[in-house]
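Comments concern the structure below.
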Amino acid sequence: MDKKDLLKLAAEMTLEEKALQMTQLSPDMLYHLAPANLTGPLREWRFEDEELWKVGSTLGPLGASYLKKLQKDYLERSGKKIPLLFMSDVIHGYVTIMPIPLAQGCTFDPELTEEAAAAVAKESAVSGLHVTFSPMADLVRDPRWGRVMESCGEDPYLNGVMAAATVRGYQGRDPREKGKIASCVKHFAAYGQPEGGREYNTVDMSRGVLRDFYLPAYEAAIRAGAAMVMTSFNTVERTPATCSRFLLRKVLREEWGFDGVVISDFSAVEELMNHSVAADDLEAGEKSIHAGMDIEMMSGVYAGTLRRLLEQGRITQQEIDECVMRILELKNRLGLFENPYKDADEQEEQRLLYCGEHLELARRFARESMVLLKNQSALPIEPSAKIGLAGPFACTGNILGGWHCEGKPERTETLQHALETVCGDRMVTAMSTHFIRGEKDVPDQVEEAVERLKDCDICIAAVGEPEWETGEASSKTCLRLSASQEKLIHALKAAGKKVVTVIFSGRPLDIAPVLEDSDAVLQAWFPGSAGAGAAADILLGKYNPSGRLSMSFPRNVGQIPVYYNYYNTGRPAAAKADNYVSRYLDCPNSPLFPFGYGLSYTTFACEGLQVEQTAQGGERCACETGRAGDRAVCTASVRVSNRGERSGETVVQLYIRDVSASVVRPMTELKAFRRISLEPGEEAQAAFTVTEDMLSFYNEEEQWAWEPGAFEIMVGLDCEHVEKKEIFVPARTGGLEE
Ligand code: NOJ
């Protein structure tokens with residue numbers, strides 16, 4: 001349809017049709033069924049039957065035959081024949097489940113992330129989906145918050161690169177194409193910083209912090225073309241994001257030029273009343289409309305108030321029409337007016353869902369995402385060793401992670417099976433206890449386990465947290481392993497065993513208490529459908545681990561939030577030994593394991609940093625953040641070598657620090673990275689171009705600019721171990737056109 005026809009269609013719609021076009025419900029509700037798989041409160045609904053069949057979009061259940069029938073029924077009933085839009089939470093896989101996003105961040109591999117998102121899009125598209133509520137670009141620093149699993153971590157740049165790759169994977173060049181879906185980036189904005197890590201809690205931060213850390217990843221996703229944006233539940237600067245004109249009108253639409261659809265989170269429009277910024281539903285509707293919030297998810301405020309608001313002159317027809325046009329344009333962009341079923345296809349579902357190719361991709365992705373945190377000559381396991389396996393993750397397929405959609409734990413390979421396939425009777429398994437919902441711990445069978453594994457040379461403790469303690473509404477104040485899991489590790493060590501601790505979790509846990517008694521620690525996260533095979537590949541040495549932490553590990557919960565890109569204080573701890581510095585009495589400031597950290601079975605060195613400044617106002621170059629008119633400032637290069645005996649991949653990381661600026665700047669900021677693969681004894685140069693854009697930040701006037709002066713350029717294999725050089729970048733004195 002061309003724009004003219006869309007405008008004509010919009011002009012013919014009644015006010016009621018418009019309000020319902022701007023409303024999203026579960027598809028099951030249209031058939032008077034109890035909504036399935038929903039992640040929010042259900043209320044009494046005020047919709048009449050006829051109204052239900054006019055809502056513009058649905059969220060939740062998928063499946064080609066169900067959605068085809070629904071679309072057909074809908075179009076038969078609908079006067080205007082505007083197709084329904086199907087949205088859902090396909091977060092890290094539809095049936096083939098990829099590692100959780102926090103683990104994806106640890107790959108530092110946007111190409112693989114894009115490839116995986118493309119596979120996820122194919123499975124979703126043939127199952128009838130049009131839009132996925134992903135990626136989640138919320139920056140996270142507090143592992144008490146359960147949703148850190150859905151983020152790519154604590155760094156704005158890494159988060160942005162991964163969010164953009166995910167959007168490209170889902171949408172391709174055009175979401176209308178076969179096998180593509182539209183992407184809805186969420187939760188705009190700053191949902192990742194709830195006070196105290198408590199779900200849905202207030203977010204309050206300075207605008208500078210918001211700009212420095214929290215906004216860039218959403219922006220990157222939008223620059224990559226994300227078709228939709230979901231608002232967050234929280235407040236930002238005392239206004240709930242769902243009705244924030246600053247966020248939705250100024251930042252999103254004016255500054256970033258976003259012209260796609262904005263949707264609220266689940267019943268967030270109605271929740272404006274709980275936030276005490278709306279006295280009644282009229283005010284909730286009015287404020288959301290003024291902010292340009294196009295679709296209301298799972299509450300009926302728009303449907304119930306738009307007419308009255310218009311009659312009372314509290315909103316304008318133009319405001320409504322703008323929302324409606326954006327929704328119609330999205331439907332058009334997806335080609336739904338020509339083909340309302342898009343790619344829904346039962347036969348293709350048979351062929352694609354959980355196919356060998358996708359499982360193989362999921363295995364590669366999971367392997368790259370696991371992080372080897374410690375290794376004292378325990379891994380890889382010797383080919384002849386007798387291996388013991390114990391712990392609640394030994395024999396379970398519950399390793400997919402929260403939001404695993406149609407992933408099936410019962411057909412997911414277990415670690416026991418994956419190891420046995422290779423090791424046969426060299427494997428002994430003990431204590432296949434499982435977490436039980438509502439129970440604090442797995443049954444304590446530690447003594448039996450130690451007895452059963454007494455003849456093993458090496459013991460794997462497969463431990464972690466249950467899946468349901470991660471994701472939405474899963475905040476915790478204690479991040480330690482449960483008592484019996486810690487006891488298992490201590491008991492195996494006390495029995496003289498080499499202990500390999502493999503951790504399945506959706507967040508960095510507080511693992512300090514088991515670190516000493518673990519000879520090796522592999523952070524496996526929730527690795528998805530092929531995660532057990534991937535872990536076995538690493539444990540048995542078929543794959544050399546290469547994952548790097550996307551989020552710092554705390555030394556204890558009291559240290560949270562602990563993250564690498566902090567601002568300096570006036571009394572930095574390292575400067576003096578005396579008491580009046582910024583530190584704790586009982587714990588260092590540094591994390592247990594820092595951002596960017598991860599071991600491998602070989603030894604990589606990164607040295608000989610050379611920094612060459614480019615002639616002033618240097619050449620224009622492709623800018624990693626996609627901003628126009630960027631210019632090179634210097635090039636930085638290092639020699640990376642593999643000094644060990646195994647081939648492997650490492651991640652070379654470039655950080656900068658603005659030594660003195662008009663406002664405080666982070667002590668270290670990731671600006672670029674490269675994954676490099678090296679054979680034993682091989683060397684390579686890793687070269688980076690540092691650009692003006694990389695030196696820029698939002699100043700007090702909220703302008704994006706860089707300031708002349710000294711900068712530190714740092715390169716290393718994690719954020720703490722870097723070589724650095726200082727450069728002085730003078731003010732640009734013209735010479736090149738703006
Ligand atoms: C609430 C969650 O916050 C959001 O991430 C999700 O997309 C919606 N529910 C829809 O399920």
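Just remember, in the structure tokens the first chain shown is A, the second B, etc., residues are 1-based per chain, and ligands are 1-based in the order shown.
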query = Which of stretch 425-529 of chain A counts as strand (DSSP E) under DSSP, as an NGL selection string please?
reply = :A and (427-429 or 458-464 or 498-504 or 520-523)
Per residue of stretch 244-273 of chain A within 12 Å of stretch 317-325 of chain A, which atom pair is closest and at what distance in Å (one decimal), using only C-alpha atoms, listed by chain and increasing number, as a tab-separated table?
residue	atom	partner	partner_atom	distance
A:Asp259	CA	A:Glu322	CA	10.2
A:Gly260	CA	A:Cys323	CA	9.5
A:Val261	CA	A:Cys323	CA	7.6
A:Val262	CA	A:Cys323	CA	8.6
A:Ile263	CA	A:Cys323	CA	10.2
Keeping only C-alpha atoms, write the selected residues as a PDB file, in the first residue's frame.
ATOM      1  CA  ASP A 259       9.567   7.249  13.396  1.00  0.00           C
ATOM      2  CA  GLY A 260       8.445   3.744  14.325  1.00  0.00           C
ATOM      3  CA  VAL A 261       5.905   2.465  16.819  1.00  0.00           C
ATOM      4  CA  VAL A 262       6.185   2.882  20.587  1.00  0.00           C
ATOM      5  CA  ILE A 263       4.401   0.330  22.752  1.00  0.00           C
TER       6      ILE A 263
END
query = Looking only at the backbone, which of the residues in stretch 288-487 of chain A does DSSP tag as helix (DSSP H, G or I), as a PyMOL selection string?
reply = chain A and resi 288-291+301-311+317-333+346-352+356-369+409-411+415-426+446-452+467-469+483-487
Among the residues A:Ala165, A:Cys456, A:Met228, A:Ile315, the one that comes closest to ligand 1 [using only C-alpha atoms and all ligand atoms] =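 Looking only at the distances to ligand 1, the closest residue turns out to be A:Met228.
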inquiry  = Using only C-alpha atoms and all ligand atoms, which residues of the polymer chains come no farther than 10 Å from ligand 1? I'd like the answer as a ChimeraX atom specification.
reply    = /A:26,37-41,59-60,87-91,132-136,147,150,184-187,191,199-200,230-233,263-268,297-298,403,471-473
ask   = Using only C-alpha atoms, which residue out of A:Arg507, A:Arg665, A:His290, A:Arg437 lies closest to A:Phe711?
value =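 Of A:Arg507, A:Arg665, A:His290, A:Arg437, the one nearest A:Phe711, counting only C-alpha atoms, is A:Arg665.
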Neighbouring residues of A:Gly596 were defined as those with any atom within 8 Å, considering only C-alpha atoms; residues of the same chain fewer than 6 positions away were excluded. Please report them as a JSON list (two decimals) with N, CA, C and O atoms, in the first residue's frame.
[["chain", "number", "residue", "atom", "x", "y", "z"],
["A", 106, "CYS", "N", 28.96, -12.18, 26.41],
["A", 106, "CYS", "CA", 30.30, -12.71, 26.71],
["A", 106, "CYS", "C", 31.02, -13.24, 25.47],
["A", 106, "CYS", "O", 32.20, -13.54, 25.53],
["A", 548, "ARG", "N", 34.29, -13.86, 27.41],
["A", 548, "ARG", "CA", 34.79, -12.77, 28.26],
["A", 548, "ARG", "C", 33.62, -12.16, 29.01],
["A", 548, "ARG", "O", 32.56, -11.92, 28.39],
["A", 549, "LEU", "N", 33.81, -11.86, 30.27],
["A", 549, "LEU", "CA", 32.67, -11.40, 31.08],
["A", 549, "LEU", "C", 32.05, -10.11, 30.55],
["A", 549, "LEU", "O", 32.75, -9.12, 30.33],
["A", 550, "SER", "N", 30.74, -10.15, 30.42],
["A", 550, "SER", "CA", 30.00, -8.96, 30.01],
["A", 550, "SER", "C", 29.52, -8.20, 31.25],
["A", 550, "SER", "O", 28.96, -7.13, 31.15],
["A", 551, "MET", "N", 29.74, -8.80, 32.42],
["A", 551, "MET", "CA", 29.31, -8.17, 33.67],
["A", 551, "MET", "C", 30.27, -8.60, 34.78],
["A", 551, "MET", "O", 30.65, -9.77, 34.85],
["A", 653, "GLN", "N", 40.77, -5.69, 23.53],
["A", 653, "GLN", "CA", 39.81, -4.65, 23.90],
["A", 653, "GLN", "C", 40.50, -3.28, 23.95],
["A", 653, "GLN", "O", 41.57, -3.14, 24.54],
["A", 717, "LEU", "N", 43.58, -7.44, 27.34],
["A", 717, "LEU", "CA", 42.70, -8.59, 27.18],
["A", 717, "LEU", "C", 41.61, -8.64, 28.24],
["A", 717, "LEU", "O", 40.81, -9.56, 28.28],
["A", 718, "ASP", "N", 41.59, -7.68, 29.13],
["A", 718, "ASP", "CA", 40.43, -7.40, 29.97],
["A", 718, "ASP", "C", 40.56, -5.97, 30.46],
["A", 718, "ASP", "O", 41.57, -5.31, 30.18],
["A", 719, "CYS", "N", 39.58, -5.46, 31.20],
["A", 719, "CYS", "CA", 39.61, -4.03, 31.51],
["A", 719, "CYS", "C", 40.67, -3.66, 32.54],
["A", 719, "CYS", "O", 41.02, -2.50, 32.68]]
query = Interatomic distance between atom CA of A:Val126 and atom CA of A:His404?
reply =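 About the pair atom CA of A:Val126 and atom CA of A:His404: they are 17.6 Å apart.
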message = With distances taken over only C-alpha atoms, which residue among A:Ala226, A:Leu353, A:Ala121, A:Ile458 lies nearest A:Leu492?
response =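 Of all the options, A:Ile458 lies closest to A:Leu492.
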key: Selection: 6 Å around A:Asn642, only C-alpha atoms, excl. self and same-chain fewer than 5 positions, as a list in words   =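 Skipping anything fewer than 5 positions along the chain leaves Thr603, Phe604, Pro680, Gly681 and Glu682 of chain A.
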